[in-house]
Amino acid sequence: MKINKINALNLWNEIYGRETLVKDFHGNYMSRDAYGEENAYHLVWGQKVLCGWNIHHILPKAAGGTNEKSNLICTNIITNREAGDKTTFWIDDCNYQVQWIDGVRKIVMLNPVNNRLQSLSFISTINQMKGVAYGKAIVGFRQR
């Protein structure tokens, strides 16, 4: 899939439907209308929260990932920047790793914190949260 605004919005629609404000896998807000807008914000409980988003490769291209839809997710620009092209990375107090489990490529939180897990509202392209398994928070996509 070529990464551009049209395809990014199509991916958004497949994952989130008509929702206009959602959270990514780390819990950062994304506003549908803020694709590629680094300084876009939304008021949440009276606070300005950056909500610009773009496309993130679950398995980074630098590690052999592709632009296949199954390897792409919508993420807040800050989340994407923090993850970078790494397969193991920290965002705030959370340690994540890309893993291949049961034929599914997943971003796994290695150190789940109860309050962080409760705030996650990410919905994968197969419209289901993979939940908690073996003490790890898992967000993933089925490899096609």
# chains A, B, ... in the order shown; residues from 1 in each chain; ligands from 1
$ residues_around --residues "region 53-68 of chain A" --least-positions-apart "5" --cutoff "9 Å" --atoms "only C-alpha atoms" --output "CSV table (one decimal) with N, CA and C atoms, in the first residue's frame"
chain,number,residue,atom,x,y,z
A,1,MET,N,0.9,-1.2,0.0
A,1,MET,CA,0.0,0.0,0.0
A,1,MET,C,0.9,1.2,0.0
A,2,LYS,N,0.6,2.1,-0.9
A,2,LYS,CA,1.4,3.4,-0.9
A,2,LYS,C,0.9,4.2,0.3
A,3,ILE,N,1.8,4.8,1.0
A,3,ILE,CA,1.4,5.6,2.2
A,3,ILE,C,1.2,7.1,1.7
A,4,ASN,N,0.0,7.5,1.7
A,4,ASN,CA,-0.4,8.9,1.4
A,4,ASN,C,-1.7,9.1,2.2
A,5,LYS,N,-2.2,10.4,2.2
A,5,LYS,CA,-3.3,10.8,3.0
A,5,LYS,C,-4.6,10.0,2.6
A,8,ALA,N,-4.2,6.5,4.0
A,8,ALA,CA,-4.2,6.5,5.4
A,8,ALA,C,-5.6,6.7,5.9
A,29,TYR,N,-3.9,10.2,21.9
A,29,TYR,CA,-5.1,10.5,21.0
A,29,TYR,C,-4.7,10.8,19.6
A,30,MET,N,-5.7,10.5,18.7
A,30,MET,CA,-5.6,10.7,17.3
A,30,MET,C,-6.9,11.3,16.8
A,31,SER,N,-6.9,12.4,16.1
A,31,SER,CA,-8.1,12.9,15.5
A,31,SER,C,-8.1,12.7,14.0
A,32,ARG,N,-9.2,12.1,13.5
A,32,ARG,CA,-9.3,11.7,12.1
A,32,ARG,C,-8.9,12.8,11.2
A,34,ALA,N,-6.7,15.1,11.6
A,34,ALA,CA,-5.4,15.6,11.8
A,34,ALA,C,-4.3,14.7,11.2
A,35,TYR,N,-4.5,14.0,10.1
A,35,TYR,CA,-3.5,13.2,9.5
A,35,TYR,C,-2.3,14.1,9.1
A,36,GLY,N,-1.1,13.8,9.5
A,36,GLY,CA,0.1,14.5,9.2
A,36,GLY,C,0.2,15.8,9.8
A,37,GLU,N,-0.7,16.2,10.7
A,37,GLU,CA,-0.6,17.5,11.3
A,37,GLU,C,0.0,17.4,12.7
A,38,GLU,N,1.3,17.7,12.8
A,38,GLU,CA,2.1,17.6,14.0
A,38,GLU,C,1.6,18.4,15.1
A,73,ILE,N,-0.3,0.4,10.9
A,73,ILE,CA,-1.3,0.9,11.9
A,73,ILE,C,-1.3,2.4,12.0
A,74,CYS,N,-2.4,3.0,12.4
A,74,CYS,CA,-2.5,4.4,12.6
A,74,CYS,C,-1.9,4.7,14.0
A,75,THR,N,-1.0,5.7,14.1
A,75,THR,CA,-0.5,6.1,15.4
A,75,THR,C,-0.4,7.6,15.5
A,76,ASN,N,-0.5,8.1,16.7
A,76,ASN,CA,-0.2,9.5,17.0
A,76,ASN,C,1.2,9.7,16.5
A,77,ILE,N,1.5,10.9,16.0
A,77,ILE,CA,2.8,11.3,15.5
A,77,ILE,C,3.9,11.1,16.6
A,78,ILE,N,3.6,11.5,17.8
A,78,ILE,CA,4.5,11.3,18.9
A,78,ILE,C,4.9,9.9,19.1
A,79,THR,N,3.8,9.0,19.1
A,79,THR,CA,4.1,7.6,19.3
A,79,THR,C,5.0,7.0,18.2
A,80,ASN,N,4.7,7.4,17.0
A,80,ASN,CA,5.4,6.9,15.8
A,80,ASN,C,6.9,7.4,15.9
A,83,ALA,N,8.7,5.3,18.7
A,83,ALA,CA,8.9,3.9,18.2
A,83,ALA,C,10.0,3.9,17.2
A,84,GLY,N,10.0,4.9,16.3
A,84,GLY,CA,11.0,4.9,15.2
A,84,GLY,C,11.1,3.7,14.4
A,85,ASP,N,12.3,3.3,14.1
A,85,ASP,CA,12.5,2.1,13.2
A,85,ASP,C,13.0,0.9,14.1
A,86,LYS,N,12.6,0.9,15.4
A,86,LYS,CA,13.1,-0.1,16.3
A,86,LYS,C,12.1,-1.2,16.5
A,87,THR,N,12.5,-2.4,16.8
A,87,THR,CA,11.6,-3.5,17.1
A,87,THR,C,11.4,-3.6,18.6
A,98,VAL,N,8.2,-5.7,19.0
A,98,VAL,CA,7.5,-6.4,17.9
A,98,VAL,C,7.8,-7.9,18.0
A,99,GLN,N,6.7,-8.7,18.0
A,99,GLN,CA,6.9,-10.1,18.1
A,99,GLN,C,6.0,-10.8,17.1
A,105,ARG,N,1.7,-10.8,13.7
A,105,ARG,CA,2.7,-9.8,14.1
A,105,ARG,C,2.1,-8.9,15.1
A,106,LYS,N,2.8,-8.7,16.2
A,106,LYS,CA,2.2,-7.9,17.3
A,106,LYS,C,3.1,-6.9,17.9
A,107,ILE,N,2.6,-5.9,18.5
A,107,ILE,CA,3.4,-5.0,19.3
A,107,ILE,C,3.0,-5.4,20.7
A,140,GLY,N,-2.2,-6.5,17.8
A,140,GLY,CA,-1.6,-7.1,16.7
A,140,GLY,C,-2.4,-7.2,15.5
A,141,PHE,N,-1.8,-7.7,14.4
A,141,PHE,CA,-2.5,-7.9,13.1
A,141,PHE,C,-2.1,-9.2,12.6
A,144,ARG,N,-1.1,-11.8,6.4
A,144,ARG,CA,-1.8,-12.4,5.3
A,144,ARG,C,-0.9,-13.1,4.4
$ atom_distance --atom1 "CA of Asn28 (chain A)" --atom2 "CA of Cys51 (chain A)"
7.3 Å
$ closest_residue --among "A:Arg81, A:Leu110, A:Ser70, A:Gly27" --to "Cys94 (chain A)" --atoms "only C-alpha atoms"
A:Leu110
$ select_by_dssp --residues "region 83-118 of chain A" --states "strand (DSSP E or B)" --output "VMD selection string"
chain A and resid 88 to 91 94 to 101 104 to 109
$ write_last_selection --atoms "N, CA and C atoms" --output "PDB file, in the first residue's frame"
ATOM      1  N   THR A  88      12.288  -3.022  19.399  1.00  0.00           N
ATOM      2  CA  THR A  88      12.121  -2.920  20.850  1.00  0.00           C
ATOM      3  C   THR A  88      12.308  -1.451  21.194  1.00  0.00           C
ATOM      4  N   PHE A  89      11.334  -0.871  21.914  1.00  0.00           N
ATOM      5  CA  PHE A  89      11.394   0.565  22.162  1.00  0.00           C
ATOM      6  C   PHE A  89      10.621   0.931  23.429  1.00  0.00           C
ATOM      7  N   TRP A  90      10.988   2.068  23.992  1.00  0.00           N
ATOM      8  CA  TRP A  90      10.317   2.639  25.161  1.00  0.00           C
ATOM      9  C   TRP A  90       9.521   3.846  24.721  1.00  0.00           C
ATOM     10  N   ILE A  91       8.311   3.978  25.247  1.00  0.00           N
ATOM     11  CA  ILE A  91       7.530   5.200  25.142  1.00  0.00           C
ATOM     12  C   ILE A  91       7.062   5.494  26.556  1.00  0.00           C
ATOM     13  N   CYS A  94       6.659   2.721  29.276  1.00  0.00           N
ATOM     14  CA  CYS A  94       6.240   1.438  28.694  1.00  0.00           C
ATOM     15  C   CYS A  94       7.288   0.920  27.712  1.00  0.00           C
ATOM     16  N   ASN A  95       7.627  -0.344  27.855  1.00  0.00           N
ATOM     17  CA  ASN A  95       8.586  -1.003  26.979  1.00  0.00           C
ATOM     18  C   ASN A  95       7.814  -1.903  26.018  1.00  0.00           C
ATOM     19  N   TYR A  96       8.009  -1.692  24.712  1.00  0.00           N
ATOM     20  CA  TYR A  96       7.301  -2.457  23.684  1.00  0.00           C
ATOM     21  C   TYR A  96       8.291  -3.253  22.845  1.00  0.00           C
ATOM     22  N   GLN A  97       7.770  -4.321  22.250  1.00  0.00           N
ATOM     23  CA  GLN A  97       8.589  -5.122  21.335  1.00  0.00           C
ATOM     24  C   GLN A  97       7.684  -5.709  20.263  1.00  0.00           C
ATOM     25  N   VAL A  98       8.174  -5.720  19.027  1.00  0.00           N
ATOM     26  CA  VAL A  98       7.463  -6.371  17.932  1.00  0.00           C
ATOM     27  C   VAL A  98       7.782  -7.857  18.017  1.00  0.00           C
ATOM     28  N   GLN A  99       6.741  -8.681  18.045  1.00  0.00           N
ATOM     29  CA  GLN A  99       6.917 -10.131  18.133  1.00  0.00           C
ATOM     30  C   GLN A  99       5.991 -10.827  17.147  1.00  0.00           C
ATOM     31  N   TRP A 100       6.382 -12.031  16.780  1.00  0.00           N
ATOM     32  CA  TRP A 100       5.583 -12.879  15.898  1.00  0.00           C
ATOM     33  C   TRP A 100       5.046 -14.009  16.759  1.00  0.00           C
ATOM     34  N   ILE A 101       3.747 -14.009  17.020  1.00  0.00           N
ATOM     35  CA  ILE A 101       3.134 -14.994  17.908  1.00  0.00           C
ATOM     36  C   ILE A 101       1.932 -15.606  17.200  1.00  0.00           C
ATOM     37  N   VAL A 104       0.797 -14.103  13.942  1.00  0.00           N
ATOM     38  CA  VAL A 104       0.341 -12.721  13.983  1.00  0.00           C
ATOM     39  C   VAL A 104       1.488 -11.825  14.424  1.00  0.00           C
ATOM     40  N   ARG A 105       1.730 -10.769  13.674  1.00  0.00           N
ATOM     41  CA  ARG A 105       2.730  -9.781  14.061  1.00  0.00           C
ATOM     42  C   ARG A 105       2.085  -8.859  15.083  1.00  0.00           C
ATOM     43  N   LYS A 106       2.761  -8.670  16.221  1.00  0.00           N
ATOM     44  CA  LYS A 106       2.165  -7.922  17.321  1.00  0.00           C
ATOM     45  C   LYS A 106       3.150  -6.934  17.919  1.00  0.00           C
ATOM     46  N   ILE A 107       2.606  -5.867  18.461  1.00  0.00           N
ATOM     47  CA  ILE A 107       3.382  -4.959  19.305  1.00  0.00           C
ATOM     48  C   ILE A 107       3.005  -5.355  20.723  1.00  0.00           C
ATOM     49  N   VAL A 108       3.994  -5.834  21.465  1.00  0.00           N
ATOM     50  CA  VAL A 108       3.753  -6.370  22.795  1.00  0.00           C
ATOM     51  C   VAL A 108       4.316  -5.415  23.841  1.00  0.00           C
ATOM     52  N   MET A 109       3.503  -5.089  24.840  1.00  0.00           N
ATOM     53  CA  MET A 109       3.993  -4.285  25.957  1.00  0.00           C
ATOM     54  C   MET A 109       4.657  -5.255  26.923  1.00  0.00           C
TER      55      MET A 109
END
$ select_by_dssp --residues "region 5-93 of chain A" --states "alpha helix (DSSP H)" --output "MDAnalysis selection string"
chainID A and resid 5:16 77:83
$ residues_around --residues "Leu11 (chain A)" --least-positions-apart "4" --cutoff "9 Å" --atoms "only C-alpha atoms" --output "number ranges by chain"
A: 6-7, 15-16, 69, 72-74, 125
$ closest_residue --among "A:His26, A:Arg18, A:Lys48, A:His42" --to "Asp92 (chain A)" --atoms "only C-alpha atoms"
A:His26
